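**Q** If you scroll down you'll find the structure; I have some questions about it.
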Amino acid sequence: MARKKADYPLIEGLEITALAAEGKAMGRWNDVVVFVPMTVPGDVVDVQIRSKRRRYMEGYVVCYRRRSPMREEPFCEHFGVCGGCKWQNLPYAEQLRFKREQVRDQLTRIGKIELPEIRECLPSEETRFYRNKLEFTFADRRWLTREEVAAGGDIAAEPALGFHIPGMFDKVLDIRNCRLQPEPSNAIRLETRRFCLEHGYTFYNAREHRGLMRNMVVRTSSTGEVMVIVVFGADEPDKIGALTGHLASRFPEITSLFYVVNTKWNDSLGDQRMICCHGRDHIVERMEELRFKIGPKSFYQTNSAQALRLYRVARDFARLTGEEVLYDLYTGTGTIANFCASRCRRVVGIEYVPEAIADAKVNSALNGIVNTDFYAGDMKEVLSDGFIGRNGRPDVVILDPPRAGVDEPVIDVLLRAAPQRIVYVSCNPATQARDLALLDAAYRVEAVQPVDMFPHTHHVENVVLLERRE
């Protein structure tokens, strides 16, 4: 029989003693670990338990008995509700320290391999307004905070344009001021909401699959260009034209304006037709002397300034002399491949998404790079002994896989190809550790550099240099 919420205890005076995974912190009650979000070590809190497992419990704070001297005042009015930037209450130096320890723990505990000293986590120069892309969702009813519900009263149903509540596909928090992306991001979102309400546009209901206004994406670049993508749940040309025309007129800084009509049940846009209704069909990002064309479906690291530092680490680890054949696996839009091309003889890039490979080729041409070759397809099928025979054995390999890591057949091909060096860039140190263990017999870890791409979150990027054992 399911446990009733009334059966869950209220724990009084729980001391938070350590940070934990996924942005949580923890304490112990009767030798049971209790995970509590939005707390920091040194807090003493009353916690309402909301779930119990055999080895741990999870809960939320109902009262602070004592606030930790380590605690910082969150800078965002939406802290604790929208689910993003969970570490605003933690000093940035402590965030970096924990991210380094997180990398050390996962590489040691999961990988069980010999490691050099883990370098200090490379900090982000900007800890606010650092993102170049945000995705917002429309909803016909906004999420009410716990405080609003407790206050009671007649709270009228209001629509929302903001972020999903974590774990709830149909619940959206209306965002007034987000500190993640530079202006005109907030201004565009707020004006879109105002215009739609004033002119009777319906907001989307995800459960009933109805409503005109569905999603909006805002992309900015280091060159000052702005792209906006408005996603509609139905094809209503007059209303689509009125809104997009208003945005183009109200915000002349928008250099690329798209709309999409998505009538599917899911929000994915990879298979949808993007219609450019104002300006160019792309914006331009710059990295050192290179320019990168970013279309509405292009992948690009969401922290532009920190991406440059990340790629410099990867390029330095590769130790290129100008004579190497470099394989850039999971190349995406070819950013790393093009970034390294001037320092090696030839670059071979492989990526699953055909549109990304098309972007990679365009970016090579845009920068006059002639020593790159790009191939689209499933990595397990494209990268084979025959492929390496046709394209040349790699001297250096750079890996930048998705969170799931590298498929074992790909590792087997790499072991047979035996490059001198492998540079492994990962957004998930846990799967990176698993893959390093598979490579350990033939490669030793020479350097480990964590990089903070997402301040005030628990996410960490990690770059590992592997040298072939002689």
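Chain lettering (A, B, ...) mirrors the order of the structure tokens, residue numbering begins at 1 for each chain separately, and ligand numbering begins at 1 in order of display.
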From the DSSP assignment of the backbone, select every residue of region 183-380 of chain A that is strand (DSSP E), and format the answer as a PDB file with C-alpha atoms, in the first residue's frame.
**A**
```pdb
ATOM      1  CA  MET A 213       1.386  30.115 -28.004  1.00  0.00           C
ATOM      2  CA  ARG A 214       3.665  27.181 -27.251  1.00  0.00           C
ATOM      3  CA  ASN A 215       7.397  27.974 -26.889  1.00  0.00           C
ATOM      4  CA  MET A 216       9.973  30.667 -27.518  1.00  0.00           C
ATOM      5  CA  VAL A 217      13.765  30.480 -27.917  1.00  0.00           C
ATOM      6  CA  VAL A 218      16.088  33.477 -27.569  1.00  0.00           C
ATOM      7  CA  ARG A 219      19.701  33.194 -28.752  1.00  0.00           C
ATOM      8  CA  THR A 220      22.331  35.902 -28.322  1.00  0.00           C
ATOM      9  CA  VAL A 226      20.003  38.210 -31.513  1.00  0.00           C
ATOM     10  CA  MET A 227      17.877  35.335 -32.815  1.00  0.00           C
ATOM     11  CA  VAL A 228      14.291  34.695 -31.712  1.00  0.00           C
ATOM     12  CA  ILE A 229      12.283  31.572 -32.534  1.00  0.00           C
ATOM     13  CA  VAL A 230       8.538  31.635 -31.725  1.00  0.00           C
ATOM     14  CA  VAL A 231       6.779  28.265 -31.669  1.00  0.00           C
ATOM     15  CA  PHE A 232       3.030  28.186 -32.317  1.00  0.00           C
ATOM     16  CA  ILE A 254      16.692  41.157 -33.507  1.00  0.00           C
ATOM     17  CA  THR A 255      18.817  40.152 -36.481  1.00  0.00           C
ATOM     18  CA  SER A 256      17.148  36.783 -37.084  1.00  0.00           C
ATOM     19  CA  LEU A 257      13.454  36.053 -36.405  1.00  0.00           C
ATOM     20  CA  PHE A 258      11.875  32.644 -37.040  1.00  0.00           C
ATOM     21  CA  TYR A 259       8.546  31.034 -36.400  1.00  0.00           C
ATOM     22  CA  VAL A 260       7.556  27.368 -36.246  1.00  0.00           C
ATOM     23  CA  VAL A 261       4.145  25.695 -36.302  1.00  0.00           C
ATOM     24  CA  ILE A 275      10.453  29.842 -41.284  1.00  0.00           C
ATOM     25  CA  CYS A 276      12.626  32.971 -41.314  1.00  0.00           C
ATOM     26  CA  CYS A 277      10.267  35.950 -41.371  1.00  0.00           C
ATOM     27  CA  HIS A 278      12.707  38.750 -40.576  1.00  0.00           C
ATOM     28  CA  GLY A 279      16.423  39.317 -41.045  1.00  0.00           C
ATOM     29  CA  ILE A 283      23.562  34.794 -36.308  1.00  0.00           C
ATOM     30  CA  VAL A 284      27.345  34.852 -36.065  1.00  0.00           C
ATOM     31  CA  GLU A 285      29.449  33.785 -33.085  1.00  0.00           C
ATOM     32  CA  ARG A 286      33.141  34.617 -32.852  1.00  0.00           C
ATOM     33  CA  MET A 287      35.928  32.615 -31.222  1.00  0.00           C
ATOM     34  CA  LEU A 290      37.160  32.388 -36.301  1.00  0.00           C
ATOM     35  CA  ARG A 291      33.507  33.076 -37.112  1.00  0.00           C
ATOM     36  CA  PHE A 292      30.776  30.480 -36.667  1.00  0.00           C
ATOM     37  CA  LYS A 293      27.389  30.578 -38.376  1.00  0.00           C
ATOM     38  CA  ILE A 294      24.635  29.646 -35.926  1.00  0.00           C
ATOM     39  CA  VAL A 325      45.978  13.845 -38.332  1.00  0.00           C
ATOM     40  CA  LEU A 326      43.302  14.789 -35.781  1.00  0.00           C
ATOM     41  CA  TYR A 327      39.987  12.961 -35.384  1.00  0.00           C
ATOM     42  CA  ASP A 328      37.246  15.044 -33.730  1.00  0.00           C
ATOM     43  CA  LEU A 329      34.584  12.534 -32.711  1.00  0.00           C
ATOM     44  CA  ARG A 346      44.206  17.301 -41.353  1.00  0.00           C
ATOM     45  CA  VAL A 347      41.040  17.068 -39.292  1.00  0.00           C
ATOM     46  CA  VAL A 348      38.385  14.369 -39.632  1.00  0.00           C
ATOM     47  CA  GLY A 349      35.070  15.053 -37.882  1.00  0.00           C
ATOM     48  CA  ILE A 350      32.186  12.635 -37.309  1.00  0.00           C
ATOM     49  CA  GLU A 351      28.721  13.488 -35.993  1.00  0.00           C
ATOM     50  CA  THR A 372      38.787  19.454 -42.648  1.00  0.00           C
ATOM     51  CA  ASP A 373      36.565  16.558 -43.713  1.00  0.00           C
ATOM     52  CA  PHE A 374      33.239  15.863 -42.031  1.00  0.00           C
ATOM     53  CA  TYR A 375      31.080  12.729 -42.031  1.00  0.00           C
ATOM     54  CA  ALA A 376      27.509  12.203 -40.781  1.00  0.00           C
TER      55      ALA A 376
END
```
**Q** Applying 10 Å and only C-alpha atoms, which residues near region 6-23 of chain A remain after dropping the ones on its own chain fewer than 6 positions away? List them as a ChimeraX atom specification.
**A** /A:29,34-52,57,59-66,68,83-87,94-95,98-99,102,456-459
**Q** Store the residues picked out above, limited to C-alpha atoms, as a PDB file, in the first residue's frame.
**A**
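Written out: part_32.pdb:
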```pdb
ATOM      1  CA  TRP A  29      19.000  11.695  11.114  1.00  0.00           C
ATOM      2  CA  VAL A  34      18.551  13.094   4.427  1.00  0.00           C
ATOM      3  CA  PHE A  35      18.851  15.069   1.174  1.00  0.00           C
ATOM      4  CA  VAL A  36      17.559  18.641   1.351  1.00  0.00           C
ATOM      5  CA  PRO A  37      17.664  21.046  -1.620  1.00  0.00           C
ATOM      6  CA  MET A  38      18.398  24.768  -1.290  1.00  0.00           C
ATOM      7  CA  THR A  39      20.523  24.296   1.829  1.00  0.00           C
ATOM      8  CA  VAL A  40      24.264  24.651   2.464  1.00  0.00           C
ATOM      9  CA  PRO A  41      26.611  23.055   5.014  1.00  0.00           C
ATOM     10  CA  GLY A  42      26.166  24.690   8.408  1.00  0.00           C
ATOM     11  CA  ASP A  43      22.415  25.287   8.084  1.00  0.00           C
ATOM     12  CA  VAL A  44      20.242  23.891  10.880  1.00  0.00           C
ATOM     13  CA  VAL A  45      16.715  23.320   9.580  1.00  0.00           C
ATOM     14  CA  ASP A  46      13.356  21.710  10.203  1.00  0.00           C
ATOM     15  CA  VAL A  47      12.688  19.375   7.271  1.00  0.00           C
ATOM     16  CA  GLN A  48       9.428  17.880   6.083  1.00  0.00           C
ATOM     17  CA  ILE A  49      10.189  14.483   4.571  1.00  0.00           C
ATOM     18  CA  ARG A  50       8.418  13.898   1.241  1.00  0.00           C
ATOM     19  CA  SER A  51       9.911  10.544   0.225  1.00  0.00           C
ATOM     20  CA  LYS A  52      11.604   7.623   1.969  1.00  0.00           C
ATOM     21  CA  MET A  57      15.143  10.217   2.664  1.00  0.00           C
ATOM     22  CA  GLY A  59      12.601  16.509   2.129  1.00  0.00           C
ATOM     23  CA  TYR A  60      12.203  20.281   1.999  1.00  0.00           C
ATOM     24  CA  VAL A  61      12.873  23.062   4.478  1.00  0.00           C
ATOM     25  CA  VAL A  62       9.929  24.364   6.482  1.00  0.00           C
ATOM     26  CA  CYS A  63      11.975  26.441   8.936  1.00  0.00           C
ATOM     27  CA  TYR A  64      15.559  27.634   9.370  1.00  0.00           C
ATOM     28  CA  ARG A  65      16.741  27.275  12.983  1.00  0.00           C
ATOM     29  CA  ARG A  66      20.197  28.637  12.133  1.00  0.00           C
ATOM     30  CA  SER A  68      25.116  28.876   7.888  1.00  0.00           C
ATOM     31  CA  GLY A  83      14.713  24.828 -10.368  1.00  0.00           C
ATOM     32  CA  GLY A  84      17.645  26.567 -12.032  1.00  0.00           C
ATOM     33  CA  CYS A  85      20.741  28.145 -10.437  1.00  0.00           C
ATOM     34  CA  LYS A  86      20.351  26.026  -7.291  1.00  0.00           C
ATOM     35  CA  TRP A  87      23.676  27.149  -5.814  1.00  0.00           C
ATOM     36  CA  GLU A  94      32.785  26.705  -2.716  1.00  0.00           C
ATOM     37  CA  GLN A  95      30.944  25.786  -5.904  1.00  0.00           C
ATOM     38  CA  PHE A  98      32.838  20.950  -4.856  1.00  0.00           C
ATOM     39  CA  LYS A  99      32.881  20.544  -8.633  1.00  0.00           C
ATOM     40  CA  GLN A 102      32.884  15.732  -7.705  1.00  0.00           C
ATOM     41  CA  HIS A 456      25.364  28.291  -9.671  1.00  0.00           C
ATOM     42  CA  THR A 457      24.535  24.767 -10.881  1.00  0.00           C
ATOM     43  CA  HIS A 458      26.048  21.373 -10.022  1.00  0.00           C
ATOM     44  CA  HIS A 459      27.013  20.697 -13.651  1.00  0.00           C
TER      45      HIS A 459
END
```
**Q** Work out how far apart CA of Arg193 (chain A) and CA of Lys264 (chain A) are and give it in Å to one decimal.
**A**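 Pair CA of Arg193 (chain A) / CA of Lys264 (chain A) returns 22.6 Å.
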**Q** Among region 15-219 of chain A, which residues does DSSP mark as helix (DSSP H, G or I) when it is run on the backbone? Keep the chain and numbering as in the structure and answer as a ChimeraX atom specification.
**A** /A:21-23,92-111,146-151,185-198
**Q** Would you save the residues of that selection, restricted to N, CA and C atoms, as a compact mmCIF listing (two decimals), in the first residue's frame?
**A**
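Result file out-v2.txt:
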```txt
# COMPACT_ATOMS: atom_id res chain seq x y z
N ALA A 21 25.09 15.31 -4.56
CA ALA A 21 24.91 15.36 -6.01
C ALA A 21 23.65 16.14 -6.39
N GLU A 22 23.62 16.60 -7.65
CA GLU A 22 22.45 17.24 -8.26
C GLU A 22 22.01 18.50 -7.52
N GLY A 23 22.97 19.22 -6.95
CA GLY A 23 22.66 20.49 -6.33
C GLY A 23 22.03 20.41 -4.97
N TYR A 92 30.84 31.30 -4.64
CA TYR A 92 31.33 30.73 -5.90
C TYR A 92 32.58 29.88 -5.69
N ALA A 93 33.45 30.29 -4.79
CA ALA A 93 34.66 29.51 -4.53
C ALA A 93 34.30 28.11 -4.01
N GLU A 94 33.22 28.00 -3.22
CA GLU A 94 32.78 26.70 -2.72
C GLU A 94 32.17 25.87 -3.84
N GLN A 95 31.47 26.51 -4.75
CA GLN A 95 30.94 25.79 -5.90
C GLN A 95 32.08 25.14 -6.69
N LEU A 96 33.13 25.92 -6.95
CA LEU A 96 34.26 25.40 -7.72
C LEU A 96 34.96 24.27 -6.98
N ARG A 97 35.10 24.42 -5.66
CA ARG A 97 35.75 23.37 -4.88
C ARG A 97 34.96 22.07 -4.95
N PHE A 98 33.64 22.17 -4.83
CA PHE A 98 32.84 20.95 -4.86
C PHE A 98 32.86 20.31 -6.24
N LYS A 99 32.85 21.11 -7.29
CA LYS A 99 32.88 20.54 -8.63
C LYS A 99 34.19 19.78 -8.86
N ARG A 100 35.27 20.32 -8.37
CA ARG A 100 36.55 19.60 -8.47
C ARG A 100 36.48 18.28 -7.70
N GLU A 101 35.92 18.33 -6.49
CA GLU A 101 35.81 17.10 -5.69
C GLU A 101 34.86 16.10 -6.34
N GLN A 102 33.82 16.61 -7.00
CA GLN A 102 32.88 15.73 -7.70
C GLN A 102 33.61 14.98 -8.82
N VAL A 103 34.46 15.67 -9.57
CA VAL A 103 35.24 15.02 -10.62
C VAL A 103 36.18 13.98 -10.01
N ARG A 104 36.88 14.35 -8.94
CA ARG A 104 37.80 13.42 -8.29
C ARG A 104 37.07 12.17 -7.81
N ASP A 105 35.92 12.38 -7.17
CA ASP A 105 35.17 11.25 -6.62
C ASP A 105 34.72 10.28 -7.72
N GLN A 106 34.17 10.83 -8.80
CA GLN A 106 33.63 9.96 -9.84
C GLN A 106 34.72 9.25 -10.63
N LEU A 107 35.81 9.94 -10.94
CA LEU A 107 36.89 9.28 -11.66
C LEU A 107 37.54 8.20 -10.81
N THR A 108 37.62 8.44 -9.50
CA THR A 108 38.26 7.47 -8.60
C THR A 108 37.32 6.31 -8.28
N ARG A 109 36.08 6.64 -7.90
CA ARG A 109 35.15 5.61 -7.43
C ARG A 109 34.64 4.74 -8.57
N ILE A 110 34.34 5.37 -9.72
CA ILE A 110 33.80 4.61 -10.85
C ILE A 110 34.91 4.10 -11.75
N GLY A 111 35.88 4.97 -12.05
CA GLY A 111 36.95 4.57 -12.97
C GLY A 111 37.97 3.64 -12.34
N ARG A 146 4.47 27.60 -3.08
CA ARG A 146 3.92 27.04 -1.84
C ARG A 146 3.39 28.16 -0.94
N GLU A 147 4.07 29.33 -0.95
CA GLU A 147 3.65 30.45 -0.12
C GLU A 147 2.31 31.01 -0.61
N GLU A 148 2.11 31.08 -1.92
CA GLU A 148 0.85 31.58 -2.46
C GLU A 148 -0.31 30.65 -2.09
N VAL A 149 -0.07 29.36 -2.18
CA VAL A 149 -1.11 28.39 -1.83
C VAL A 149 -1.45 28.49 -0.35
N ALA A 150 -0.41 28.62 0.50
CA ALA A 150 -0.63 28.71 1.94
C ALA A 150 -1.39 29.98 2.32
N ALA A 151 -1.17 31.06 1.54
CA ALA A 151 -1.84 32.33 1.85
C ALA A 151 -3.33 32.27 1.56
N SER A 185 16.94 39.74 -23.75
CA SER A 185 16.20 38.50 -23.50
C SER A 185 14.96 38.72 -22.64
N ASN A 186 15.14 39.35 -21.46
CA ASN A 186 13.98 39.58 -20.60
C ASN A 186 12.95 40.48 -21.27
N ALA A 187 13.42 41.53 -21.92
CA ALA A 187 12.51 42.48 -22.55
C ALA A 187 11.68 41.81 -23.65
N ILE A 188 12.31 40.97 -24.45
CA ILE A 188 11.59 40.28 -25.53
C ILE A 188 10.53 39.34 -24.96
N ARG A 189 10.90 38.59 -23.92
CA ARG A 189 9.94 37.65 -23.32
C ARG A 189 8.75 38.39 -22.71
N LEU A 190 9.02 39.45 -21.95
CA LEU A 190 7.94 40.17 -21.29
C LEU A 190 7.03 40.88 -22.29
N GLU A 191 7.62 41.43 -23.35
CA GLU A 191 6.80 42.10 -24.36
C GLU A 191 5.96 41.10 -25.14
N THR A 192 6.50 39.93 -25.39
CA THR A 192 5.73 38.87 -26.06
C THR A 192 4.53 38.48 -25.21
N ARG A 193 4.75 38.29 -23.94
CA ARG A 193 3.65 37.93 -23.02
C ARG A 193 2.58 39.02 -23.01
N ARG A 194 3.03 40.29 -22.89
CA ARG A 194 2.08 41.40 -22.84
C ARG A 194 1.24 41.49 -24.12
N PHE A 195 1.91 41.41 -25.27
CA PHE A 195 1.21 41.52 -26.55
C PHE A 195 0.19 40.40 -26.71
N CYS A 196 0.59 39.18 -26.37
CA CYS A 196 -0.31 38.03 -26.54
C CYS A 196 -1.54 38.14 -25.64
N LEU A 197 -1.36 38.58 -24.41
CA LEU A 197 -2.50 38.73 -23.51
C LEU A 197 -3.42 39.86 -23.99
N GLU A 198 -2.82 40.96 -24.42
CA GLU A 198 -3.61 42.11 -24.85
C GLU A 198 -4.45 41.79 -26.08
```
**Q** Given only C-alpha atoms, how would the per-residue table for region 101-146 of chain A near region 165-170 of chain A read, listing every residue at most 12 Å away with its closest atom pair and distance in Å to one decimal, sorted by chain and number, as CSV?
**A**
```
residue,atom,partner,partner_atom,distance
A:Phe136,CA,A:Ile165,CA,11.8
A:Thr137,CA,A:Asp170,CA,9.6
A:Phe138,CA,A:Asp170,CA,9.8
A:Ala139,CA,A:Asp170,CA,7.6
A:Asp140,CA,A:Asp170,CA,9.8
A:Arg141,CA,A:Asp170,CA,9.4
A:Arg142,CA,A:Asp170,CA,9.8
A:Trp143,CA,A:Ile165,CA,7.9
A:Leu144,CA,A:Ile165,CA,10.5
A:Thr145,CA,A:Ile165,CA,10.5
```
**Q** If you count only C-alpha atoms, which residues fall within 9 Å of Asn262 (chain A), apart from same-chain ones fewer than 4 positions away, as an NGL selection string?
**A** :A and (214 or 231-235 or 266-269 or 272-273)
**Q** What's the 7 Å shell around region 411-423 of chain A, counting only C-alpha atoms, without same-chain residues fewer than 5 positions away, as number ranges by chain?
**A** A: 314, 317-318, 384-385, 393-399, 406, 463-468
**Q** Taking into account only C-alpha atoms, which residue in the set A:Arg71, A:Arg119, A:Arg343, A:Arg55 is nearest to Glu446 (chain A)?
**A** A:Arg119
**Q** Per residue of region 343-422 of chain A within 8 Å of region 297-304 of chain A, what are the shortest atom pair and its distance in Å to one decimal, counting only C-alpha atoms, with rows by chain and residue number, as a tab-separated table?
**A**
```
residue	atom	partner	partner_atom	distance
A:Glu355	CA	A:Ser298	CA	7.8
A:Ala356	CA	A:Ser298	CA	6.4
A:Asp359	CA	A:Ser298	CA	7.3
```
**Q** Please, what distance in Å, to one decimal, runs between CA of Ile357 (chain A) and CA of Lys133 (chain A)?
**A**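 That distance, rounded to one decimal, is 20.6 Å.
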**Q** Find the residue from A:His199, A:Arg207, A:Lys24, A:Arg280 that sits nearest to Lys171 (chain A); use only C-alpha atoms when measuring.
**A** A:Arg207
**Q** Please measure the separation of CA of Gln449 (chain A) and CA of Glu461 (chain A), giving the value in Å to one decimal.
**A** 8.6 Å
